[in-house]
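Have a look at protein-v4.cif below; it lists mmCIF, C-alpha atoms.
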data_coords
#
loop_
_atom_site.group_PDB
_atom_site.id
_atom_site.type_symbol
_atom_site.label_atom_id
_atom_site.label_comp_id
_atom_site.auth_asym_id
_atom_site.auth_seq_id
_atom_site.Cartn_x
_atom_site.Cartn_y
_atom_site.Cartn_z
ATOM 1 C CA MET K 74 14.954 25.116 -19.331
ATOM 2 C CA PRO K 75 13.833 23.725 -15.948
ATOM 3 C CA ASP K 76 15.666 20.611 -14.845
ATOM 4 C CA ARG K 77 12.728 18.201 -14.644
ATOM 5 C CA THR K 78 12.346 14.432 -14.732
ATOM 6 C CA PRO K 79 9.191 13.804 -16.809
ATOM 7 C CA ASN K 80 6.275 11.521 -15.886
ATOM 8 C CA ARG K 81 7.676 10.452 -12.553
ATOM 9 C CA ALA K 82 6.314 11.252 -9.112
ATOM 10 C CA PRO K 83 9.023 11.706 -6.492
ATOM 11 C CA ASP K 84 9.352 8.860 -4.008
ATOM 12 C CA GLN K 85 9.078 9.375 -0.281
ATOM 13 C CA PRO K 86 11.734 7.928 2.028
ATOM 14 C CA LEU K 87 10.399 4.789 3.706
ATOM 15 C CA THR K 88 13.199 3.905 6.120
ATOM 16 C CA SER K 89 14.960 5.800 8.887
ATOM 17 C CA ARG K 90 18.110 5.820 6.765
ATOM 18 C CA GLY K 91 16.156 7.141 3.787
ATOM 19 C CA ALA K 92 14.516 9.785 5.956
ATOM 20 C CA ALA K 93 17.937 10.903 7.211
ATOM 21 C CA THR K 94 19.211 11.202 3.630
ATOM 22 C CA HIS K 95 16.073 13.109 2.661
ATOM 23 C CA ARG K 96 16.657 15.529 5.560
ATOM 24 C CA ARG K 97 20.334 16.022 4.674
ATOM 25 C CA ILE K 98 19.427 16.830 1.080
ATOM 26 C CA LEU K 99 16.891 19.429 2.238
ATOM 27 C CA ASP K 100 19.315 21.010 4.699
ATOM 28 C CA VAL K 101 22.189 21.196 2.234
ATOM 29 C CA ALA K 102 19.994 22.327 -0.651
ATOM 30 C CA THR K 103 18.436 25.078 1.479
ATOM 31 C CA ARG K 104 21.881 26.593 1.993
ATOM 32 C CA GLU K 105 22.814 26.051 -1.662
ATOM 33 C CA PHE K 106 19.682 27.695 -3.079
ATOM 34 C CA ALA K 107 19.769 30.517 -0.536
ATOM 35 C CA GLU K 108 23.345 31.364 -1.508
ATOM 36 C CA HIS K 109 23.286 30.748 -5.265
ATOM 37 C CA GLY K 110 19.655 30.940 -6.379
ATOM 38 C CA ILE K 111 17.812 28.466 -8.561
ATOM 39 C CA ALA K 112 19.957 28.802 -11.671
ATOM 40 C CA GLY K 113 23.219 29.020 -9.756
ATOM 41 C CA ALA K 114 22.626 26.075 -7.428
ATOM 42 C CA ARG K 115 24.453 22.895 -8.433
ATOM 43 C CA VAL K 116 23.072 19.419 -7.881
ATOM 44 C CA GLU K 117 26.633 18.080 -7.816
ATOM 45 C CA ARG K 118 27.477 20.235 -4.792
ATOM 46 C CA ILE K 119 24.253 19.287 -3.048
ATOM 47 C CA VAL K 120 24.673 15.520 -3.388
ATOM 48 C CA ALA K 121 28.333 15.692 -2.419
ATOM 49 C CA ALA K 122 27.639 17.670 0.758
ATOM 50 C CA ALA K 123 24.586 15.527 1.569
ATOM 51 C CA ARG K 124 26.602 12.305 1.099
ATOM 52 C CA THR K 125 24.219 10.872 -1.463
ATOM 53 C CA ASN K 126 23.888 10.730 -5.258
ATOM 54 C CA LYS K 127 21.844 12.264 -8.051
ATOM 55 C CA ALA K 128 19.682 9.177 -8.468
ATOM 56 C CA GLN K 129 18.571 9.397 -4.849
ATOM 57 C CA LEU K 130 17.907 13.124 -5.057
ATOM 58 C CA TYR K 131 15.798 12.732 -8.191
ATOM 59 C CA ALA K 132 13.964 9.774 -6.676
ATOM 60 C CA TYR K 133 12.887 11.928 -3.747
ATOM 61 C CA PHE K 134 12.288 15.259 -5.477
ATOM 62 C CA GLY K 135 11.910 14.539 -9.205
ATOM 63 C CA SER K 136 14.174 17.360 -10.380
ATOM 64 C CA LYS K 137 16.252 20.322 -9.300
ATOM 65 C CA ASP K 138 13.154 22.510 -9.597
ATOM 66 C CA GLY K 139 11.192 19.987 -7.566
ATOM 67 C CA LEU K 140 13.812 20.175 -4.842
ATOM 68 C CA PHE K 141 13.624 23.964 -4.786
ATOM 69 C CA ASP K 142 9.825 23.776 -4.615
ATOM 70 C CA ALA K 143 9.962 21.430 -1.629
ATOM 71 C CA ILE K 144 12.275 23.821 0.204
ATOM 72 C CA PHE K 145 10.537 27.018 -0.873
ATOM 73 C CA PHE K 146 7.006 25.932 0.013
ATOM 74 C CA GLY K 147 8.307 24.425 3.227
ATOM 75 C CA SER K 148 9.764 27.834 4.082
ATOM 76 C CA LEU K 149 6.410 29.507 3.420
ATOM 77 C CA ASP K 150 4.690 26.985 5.670
ATOM 78 C CA ARG K 151 7.261 27.622 8.387
ATOM 79 C CA ILE K 152 6.611 31.358 8.339
ATOM 80 C CA VAL K 153 2.849 30.760 8.575
ATOM 81 C CA ASN K 154 3.195 28.286 11.442
ATOM 82 C CA VAL K 155 6.034 29.853 13.416
ATOM 83 C CA VAL K 156 4.844 33.452 13.006
ATOM 84 C CA PRO K 157 1.027 33.286 12.859
ATOM 85 C CA ILE K 158 -0.680 36.575 12.148
ATOM 86 C CA ASP K 159 -2.485 38.565 14.818
ATOM 87 C CA ALA K 160 -4.627 41.049 12.928
ATOM 88 C CA ASP K 161 -5.451 42.842 16.184
ATOM 89 C CA ASP K 162 -1.744 43.516 16.708
ATOM 90 C CA LEU K 163 -0.118 43.807 13.298
ATOM 91 C CA ALA K 164 2.774 45.714 14.865
ATOM 92 C CA ASP K 165 3.659 42.737 17.056
ATOM 93 C CA TRP K 166 3.343 40.434 14.034
ATOM 94 C CA ALA K 167 5.809 42.612 12.113
ATOM 95 C CA VAL K 168 8.280 42.439 15.001
ATOM 96 C CA ARG K 169 7.956 38.660 15.166
ATOM 97 C CA LEU K 170 8.672 38.507 11.435
ATOM 98 C CA TYR K 171 11.761 40.661 12.023
ATOM 99 C CA ASP K 172 12.960 38.153 14.600
ATOM 100 C CA GLU K 173 12.289 35.205 12.289
ATOM 101 C CA TYR K 174 14.438 36.801 9.584
ATOM 102 C CA LEU K 175 17.239 36.983 12.138
ATOM 103 C CA ARG K 176 16.825 33.307 13.041
ATOM 104 C CA ARG K 177 16.431 32.028 9.481
ATOM 105 C CA PRO K 178 17.901 34.483 6.961
ATOM 106 C CA ASP K 179 17.970 31.699 4.376
ATOM 107 C CA LEU K 180 14.159 31.657 4.196
ATOM 108 C CA ILE K 181 13.826 35.249 3.064
ATOM 109 C CA ARG K 182 16.652 34.750 0.563
ATOM 110 C CA LEU K 183 14.774 31.801 -0.964
ATOM 111 C CA ALA K 184 11.708 33.989 -1.474
ATOM 112 C CA THR K 185 13.867 36.667 -3.098
ATOM 113 C CA TRP K 186 15.417 34.181 -5.528
ATOM 114 C CA ALA K 187 11.914 32.955 -6.402
ATOM 115 C CA ARG K 188 10.912 36.551 -7.110
ATOM 116 C CA LEU K 189 13.991 37.285 -9.208
ATOM 117 C CA GLU K 190 14.077 34.066 -11.192
ATOM 118 C CA ARG K 191 10.461 32.982 -11.402
ATOM 119 C CA ARG K 192 7.960 35.733 -10.645
ATOM 120 C CA PRO K 193 9.207 39.232 -11.433
ATOM 121 C CA ALA K 194 5.636 40.587 -11.242
ATOM 122 C CA GLY K 195 2.378 39.799 -9.503
ATOM 123 C CA HIS K 196 1.977 37.293 -6.683
ATOM 124 C CA LEU K 197 5.028 35.311 -5.648
ATOM 125 C CA VAL K 198 3.264 31.974 -6.215
ATOM 126 C CA ASP K 199 0.290 30.654 -8.157
ATOM 127 C CA ASP K 200 -3.108 31.262 -6.603
ATOM 128 C CA ALA K 201 -3.421 27.576 -5.698
ATOM 129 C CA ASP K 202 -0.168 27.752 -3.721
ATOM 130 C CA ARG K 203 -0.763 30.993 -1.836
ATOM 131 C CA ARG K 204 -0.631 30.919 1.960
ATOM 132 C CA ASP K 205 -2.359 34.218 2.715
ATOM 133 C CA ASP K 206 -6.086 33.338 2.790
ATOM 134 C CA ALA K 207 -6.232 33.106 6.581
ATOM 135 C CA LYS K 208 -4.196 36.299 6.939
ATOM 136 C CA LEU K 209 -6.474 38.216 4.594
ATOM 137 C CA ARG K 210 -9.594 36.997 6.392
ATOM 138 C CA ALA K 211 -8.128 38.018 9.743
ATOM 139 C CA ILE K 212 -7.302 41.496 8.467
ATOM 140 C CA ALA K 213 -10.742 41.883 6.843
ATOM 141 C CA GLU K 214 -12.436 40.882 10.112
ATOM 142 C CA ALA K 215 -10.328 43.381 12.066
ATOM 143 C CA GLN K 216 -11.218 46.063 9.515
ATOM 144 C CA ALA K 217 -14.925 45.252 9.799
ATOM 145 C CA ALA K 218 -14.652 45.575 13.581
ATOM 146 C CA GLY K 219 -12.974 48.972 13.217
ATOM 147 C CA ARG K 220 -9.595 47.877 14.591
ATOM 148 C CA VAL K 221 -7.551 48.172 11.362
ATOM 149 C CA ARG K 222 -7.636 50.922 8.762
ATOM 150 C CA PRO K 223 -9.938 50.329 5.778
ATOM 151 C CA GLY K 224 -8.644 49.308 2.369
ATOM 152 C CA ASP K 225 -7.770 46.200 0.446
ATOM 153 C CA PRO K 226 -6.661 43.609 3.041
ATOM 154 C CA PHE K 227 -3.942 42.420 0.674
ATOM 155 C CA ASP K 228 -2.469 45.913 0.458
ATOM 156 C CA VAL K 229 -2.414 46.150 4.257
ATOM 157 C CA LEU K 230 -0.728 42.732 4.426
ATOM 158 C CA ALA K 231 1.856 43.697 1.799
ATOM 159 C CA LEU K 232 2.641 46.954 3.607
ATOM 160 C CA VAL K 233 3.226 45.283 6.977
ATOM 161 C CA ILE K 234 5.419 42.572 5.464
ATOM 162 C CA ALA K 235 7.466 45.165 3.566
ATOM 163 C CA MET K 236 7.979 47.165 6.757
ATOM 164 C CA SER K 237 9.052 44.035 8.626
ATOM 165 C CA MET K 238 11.725 43.457 5.973
ATOM 166 C CA ALA K 239 13.335 46.893 6.343
ATOM 167 C CA TRP K 240 16.477 45.376 7.923
ATOM 168 C CA SER K 241 16.100 41.854 6.517
ATOM 169 C CA PRO K 242 18.884 39.927 4.730
ATOM 170 C CA VAL K 243 17.550 41.204 1.393
ATOM 171 C CA SER K 244 17.369 44.875 2.375
ATOM 172 C CA ASN K 245 19.109 47.167 -0.096
ATOM 173 C CA VAL K 246 19.879 49.559 2.766
ATOM 174 C CA TYR K 247 21.082 47.470 5.716
ATOM 175 C CA ALA K 248 20.906 43.749 6.482
ATOM 176 C CA ALA K 249 20.738 42.998 10.201
ATOM 177 C CA THR K 250 22.230 39.832 11.676
ATOM 178 C CA ALA K 251 21.548 37.883 14.846
ATOM 179 C CA ASP K 252 25.036 38.553 16.229
ATOM 180 C CA GLU K 253 24.517 42.320 16.480
ATOM 181 C CA PRO K 254 24.082 43.889 19.947
ATOM 182 C CA GLU K 255 20.637 43.285 21.404
ATOM 183 C CA ASP K 256 20.091 46.999 21.977
ATOM 184 C CA ALA K 257 20.300 47.538 18.203
ATOM 185 C CA HIS K 258 17.554 44.982 17.652
ATOM 186 C CA GLU K 259 15.425 46.469 20.422
ATOM 187 C CA ARG K 260 15.767 49.924 18.868
ATOM 188 C CA ARG K 261 14.595 48.608 15.496
ATOM 189 C CA ARG K 262 11.780 46.589 17.046
ATOM 190 C CA ALA K 263 10.500 49.679 18.833
ATOM 191 C CA LEU K 264 10.612 51.763 15.658
ATOM 192 C CA LEU K 265 8.973 49.001 13.617
ATOM 193 C CA ARG K 266 6.233 48.514 16.207
ATOM 194 C CA GLU K 267 5.409 52.221 16.299
ATOM 195 C CA ALA K 268 5.546 52.638 12.512
ATOM 196 C CA VAL K 269 3.278 49.664 11.796
ATOM 197 C CA SER K 270 0.854 50.710 14.548
ATOM 198 C CA ARG K 271 0.513 54.151 13.008
ATOM 199 C CA ALA K 272 0.300 52.859 9.438
ATOM 200 C CA THR K 273 -2.448 50.334 10.190
ATOM 201 C CA ALA K 274 -4.474 52.198 12.827
ATOM 202 C CA ALA K 275 -8.176 52.526 12.085
ATOM 203 C CA SER K 276 -8.102 56.271 12.598
#
Could you write out this structure as structure tokens?
Amino acid sequence: MPDRTPNRAPDQPLTSRGAATHRRILDVATREFAEHGIAGARVERIVAAARTNKAQLYAYFGSKDGLFDAIFFGSLDRIVNVVPIDADDLADWAVRLYDEYLRRPDLIRLATWARLERRPAGHLVDDADRRDDAKLRAIAEAQAAGRVRPGDPFDVLALVIAMSMAWSPVSNVYAATADEPEDAHERRRALLREAVSRATAAS
């Protein structure tokens, strides 16, 4: 059963000290969830590494699941903000996603744990929590202008994201890391750019 604290809204830190504790919890818990998943993560390890206690964690986040949600949805927001879509250059967008996976491998692992433990089928999150409306509109507009191949905009989006993850930390073939030689990354970027360009071209 989910670890939830009923009928209690999480508090927000009001002081600089509270904000620092809040940030430490998020940082430590991000690593914990990325490594162990939702079920495997341990609140005891999180509070010990964050130099706080369970009462403080639950006051801020309500529950273990609430803590994961804060981190997971924050990671989705980061991807949207740091790697905004360019529907007129989906190949470049895919390459920028590749680079973001190198910078923050924990973010893609969080999404994979959410898929494995929460949503084995369908969309990764509830409709109300989806972050792809702007992306889908951008793709649909590019399709209407004849710059992107026709079809369901969501299918085009899913294809490009899947291609960008070919060497991601959750690849079942090969997981790239930031400490590899730059020429290896450039080779993959070039292949990814060409493959996405061909797959999404209008004709």
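Note that atom CA of Ala123 of chain K and atom CA of Ile152 of chain K are 24.9 Å apart.
Residue membership of the PyMOL selection byres ((chain K and resi 174-190) around 7) in the shown file amounts to K:Arg104, K:Phe106, K:Ala107, K:Gly110, K:Ile111, K:Phe145, K:Ser148, K:Leu170, K:Tyr171, K:Asp172, K:Glu173, K:Arg191, K:Arg192, K:Pro193, K:Leu197, K:Ser241, K:Pro242, K:Val243, K:Thr250, K:Ala251.
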Original post:
Of the candidates K:Arg96, K:Lys137, K:Val101, K:Val221, which shows the shortest atom-to-atom distance to Gly113 of chain K, using all atoms listed in the file?
Top reply: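 Nearest to Gly113 of chain K: K:Lys137.
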**OP:** Calculate how many Å separate atom CA of Leu149 of chain K from atom CA of Asp199 of chain K, rounding to one decimal.
**Re:**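 These atoms are spaced 13.1 Å apart.
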Original post:
For His196 of chain K, which residue among K:Ala231, K:Ala213, K:Ala268, K:Leu130 is the nearest when counting all atoms listed in the file?
Top reply: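 Checking each of K:Ala231, K:Ala213, K:Ala268, K:Leu130 against His196 of chain K, counting all atoms listed in the file, the winner is K:Ala231.
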**OP:** Work out how far atom CA of Phe146 of chain K is from atom CA of Ala167 of chain K, in Å to one decimal.
**Re:**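 Atom-to-atom, atom CA of Ala167 of chain K and atom CA of Phe146 of chain K are spaced 20.6 Å apart.
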Original post:
For this file, the PyMOL selection byres ((chain K and resi 117-119) around 8) selects which residues, as a ChimeraX atom specification?
Top reply: /K:98,101-102,105,115-116,120-123,127
Original post:
Near Ser276 of chain K, within 12 Å and counting only C-alpha atoms, which residues show up once chain neighbours fewer than 5 positions away are dropped, as a ChimeraX atom specification?
Top reply: /K:216,219-223,270-271
Subject >> the PyMOL selection byres ((chain K and resi 232) around 12) resolved against shown file, as an NGL selection string >> reply: :K and (163-164 or 167 or 224-231 or 233-239 or 268-270 or 272-273)
Kindly export the residues of the current selection with C-alpha atoms, as an mmCIF file, keeping the file's coordinate frame.
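And here is the file that came out, out-v2.cif:
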data_model
loop_
_atom_site.group_PDB
_atom_site.id
_atom_site.type_symbol
_atom_site.label_atom_id
_atom_site.label_comp_id
_atom_site.auth_asym_id
_atom_site.auth_seq_id
_atom_site.Cartn_x
_atom_site.Cartn_y
_atom_site.Cartn_z
ATOM 1 C CA LEU K 163 -0.118 43.807 13.298
ATOM 2 C CA ALA K 164 2.774 45.714 14.865
ATOM 3 C CA ALA K 167 5.809 42.612 12.113
ATOM 4 C CA GLY K 224 -8.644 49.308 2.369
ATOM 5 C CA ASP K 225 -7.770 46.200 0.446
ATOM 6 C CA PRO K 226 -6.661 43.609 3.041
ATOM 7 C CA PHE K 227 -3.942 42.420 0.674
ATOM 8 C CA ASP K 228 -2.469 45.913 0.458
ATOM 9 C CA VAL K 229 -2.414 46.150 4.257
ATOM 10 C CA LEU K 230 -0.728 42.732 4.426
ATOM 11 C CA ALA K 231 1.856 43.697 1.799
ATOM 12 C CA VAL K 233 3.226 45.283 6.977
ATOM 13 C CA ILE K 234 5.419 42.572 5.464
ATOM 14 C CA ALA K 235 7.466 45.165 3.566
ATOM 15 C CA MET K 236 7.979 47.165 6.757
ATOM 16 C CA SER K 237 9.052 44.035 8.626
ATOM 17 C CA MET K 238 11.725 43.457 5.973
ATOM 18 C CA ALA K 239 13.335 46.893 6.343
ATOM 19 C CA ALA K 268 5.546 52.638 12.512
ATOM 20 C CA VAL K 269 3.278 49.664 11.796
ATOM 21 C CA SER K 270 0.854 50.710 14.548
ATOM 22 C CA ALA K 272 0.300 52.859 9.438
ATOM 23 C CA THR K 273 -2.448 50.334 10.190
#
**OP:** Could you check which of K:Asp142, K:Ser89, K:Ala114, K:Leu264 is closest to Val198 of chain K, using only C-alpha atoms?
**Re:**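 Ranking K:Asp142, K:Ser89, K:Ala114, K:Leu264 by distance to Val198 of chain K, first place goes to K:Asp142.
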Taking all listed atoms of segment 254-266 of chain K, build the axis-aligned box, pad each of the six sides by 5 Å, then write its centre and edge lengths in Å to one decimal as JSON.
{"center_x": 15.2, "center_y": 47.5, "center_z": 17.8, "size_x": 27.8, "size_y": 18.5, "size_z": 18.4}
Original post:
From the set K:Ala274, K:Ser244, K:Arg169, K:Ala207, which residue has the shortest atom-to-atom contact distance to His258 of chain K, counting only C-alpha atoms?
Top reply: K:Arg169
Can you patch up segment 251-275 of chain K, filling it in to N, CA, C and O atoms, and show the result as a tab-separated table (two decimals), in the frame of the given file?
chain	number	residue	atom	x	y	z
K	251	ALA	N	21.86	38.28	13.48
K	251	ALA	CA	21.55	37.88	14.85
K	251	ALA	C	22.68	38.19	15.81
K	251	ALA	O	22.44	38.28	17.02
K	252	ASP	N	23.91	38.34	15.33
K	252	ASP	CA	25.04	38.55	16.23
K	252	ASP	C	25.28	40.03	16.55
K	252	ASP	O	26.25	40.37	17.24
K	253	GLU	N	24.41	40.91	16.11
K	253	GLU	CA	24.52	42.32	16.48
K	253	GLU	C	24.09	42.52	17.93
K	253	GLU	O	23.38	41.68	18.51
K	254	PRO	N	24.49	43.63	18.57
K	254	PRO	CA	24.08	43.89	19.95
K	254	PRO	C	22.56	43.91	20.09
K	254	PRO	O	21.85	44.42	19.22
K	255	GLU	N	22.08	43.36	21.19
K	255	GLU	CA	20.64	43.28	21.40
K	255	GLU	C	19.99	44.66	21.45
K	255	GLU	O	18.83	44.82	21.03
K	256	ASP	N	20.71	45.67	21.93
K	256	ASP	CA	20.09	47.00	21.98
K	256	ASP	C	19.80	47.54	20.58
K	256	ASP	O	18.85	48.31	20.39
K	257	ALA	N	20.58	47.13	19.58
K	257	ALA	CA	20.30	47.54	18.20
K	257	ALA	C	18.99	46.92	17.72
K	257	ALA	O	18.16	47.58	17.08
K	258	HIS	N	18.80	45.65	18.03
K	258	HIS	CA	17.55	44.98	17.65
K	258	HIS	C	16.37	45.59	18.39
K	258	HIS	O	15.30	45.80	17.79
K	259	GLU	N	16.52	45.88	19.66
K	259	GLU	CA	15.42	46.47	20.42
K	259	GLU	C	15.05	47.84	19.87
K	259	GLU	O	13.87	48.20	19.82
K	260	ARG	N	16.04	48.61	19.44
K	260	ARG	CA	15.77	49.92	18.87
K	260	ARG	C	14.95	49.78	17.58
K	260	ARG	O	13.98	50.51	17.37
K	261	ARG	N	15.34	48.82	16.75
K	261	ARG	CA	14.60	48.61	15.50
K	261	ARG	C	13.20	48.06	15.76
K	261	ARG	O	12.24	48.45	15.10
K	262	ARG	N	13.10	47.14	16.72
K	262	ARG	CA	11.78	46.59	17.05
K	262	ARG	C	10.83	47.70	17.50
K	262	ARG	O	9.66	47.73	17.12
K	263	ALA	N	11.34	48.59	18.34
K	263	ALA	CA	10.50	49.68	18.83
K	263	ALA	C	10.05	50.59	17.70
K	263	ALA	O	8.87	50.98	17.62
K	264	LEU	N	10.96	50.92	16.80
K	264	LEU	CA	10.61	51.76	15.66
K	264	LEU	C	9.62	51.06	14.75
K	264	LEU	O	8.63	51.65	14.29
K	265	LEU	N	9.86	49.78	14.48
K	265	LEU	CA	8.97	49.00	13.62
K	265	LEU	C	7.58	48.91	14.23
K	265	LEU	O	6.57	49.10	13.54
K	266	ARG	N	7.53	48.64	15.53
K	266	ARG	CA	6.23	48.51	16.21
K	266	ARG	C	5.44	49.82	16.11
K	266	ARG	O	4.25	49.81	15.79
K	267	GLU	N	6.10	50.93	16.36
K	267	GLU	CA	5.41	52.22	16.30
K	267	GLU	C	4.98	52.55	14.88
K	267	GLU	O	3.85	53.02	14.65
K	268	ALA	N	5.86	52.30	13.90
K	268	ALA	CA	5.55	52.64	12.51
K	268	ALA	C	4.38	51.82	11.99
K	268	ALA	O	3.47	52.35	11.32
K	269	VAL	N	4.37	50.52	12.27
K	269	VAL	CA	3.28	49.66	11.80
K	269	VAL	C	1.98	50.03	12.51
K	269	VAL	O	0.91	50.06	11.90
K	270	SER	N	2.06	50.32	13.80
K	270	SER	CA	0.85	50.71	14.55
K	270	SER	C	0.22	51.95	13.92
K	270	SER	O	-1.00	52.01	13.72
K	271	ARG	N	1.05	52.93	13.60
K	271	ARG	CA	0.51	54.15	13.01
K	271	ARG	C	-0.02	53.91	11.59
K	271	ARG	O	-1.06	54.47	11.20
K	272	ALA	N	0.69	53.08	10.83
K	272	ALA	CA	0.30	52.86	9.44
K	272	ALA	C	-1.00	52.06	9.31
K	272	ALA	O	-1.72	52.22	8.33
K	273	THR	N	-1.30	51.22	10.29
K	273	THR	CA	-2.45	50.33	10.19
K	273	THR	C	-3.60	50.73	11.12
K	273	THR	O	-4.63	50.05	11.14
K	274	ALA	N	-3.43	51.79	11.89
K	274	ALA	CA	-4.47	52.20	12.83
K	274	ALA	C	-5.75	52.56	12.09
K	274	ALA	O	-5.72	53.10	10.97
K	275	ALA	N	-6.88	52.28	12.73
K	275	ALA	CA	-8.18	52.53	12.08
K	275	ALA	C	-8.45	54.01	11.91
K	275	ALA	O	-9.20	54.41	11.02
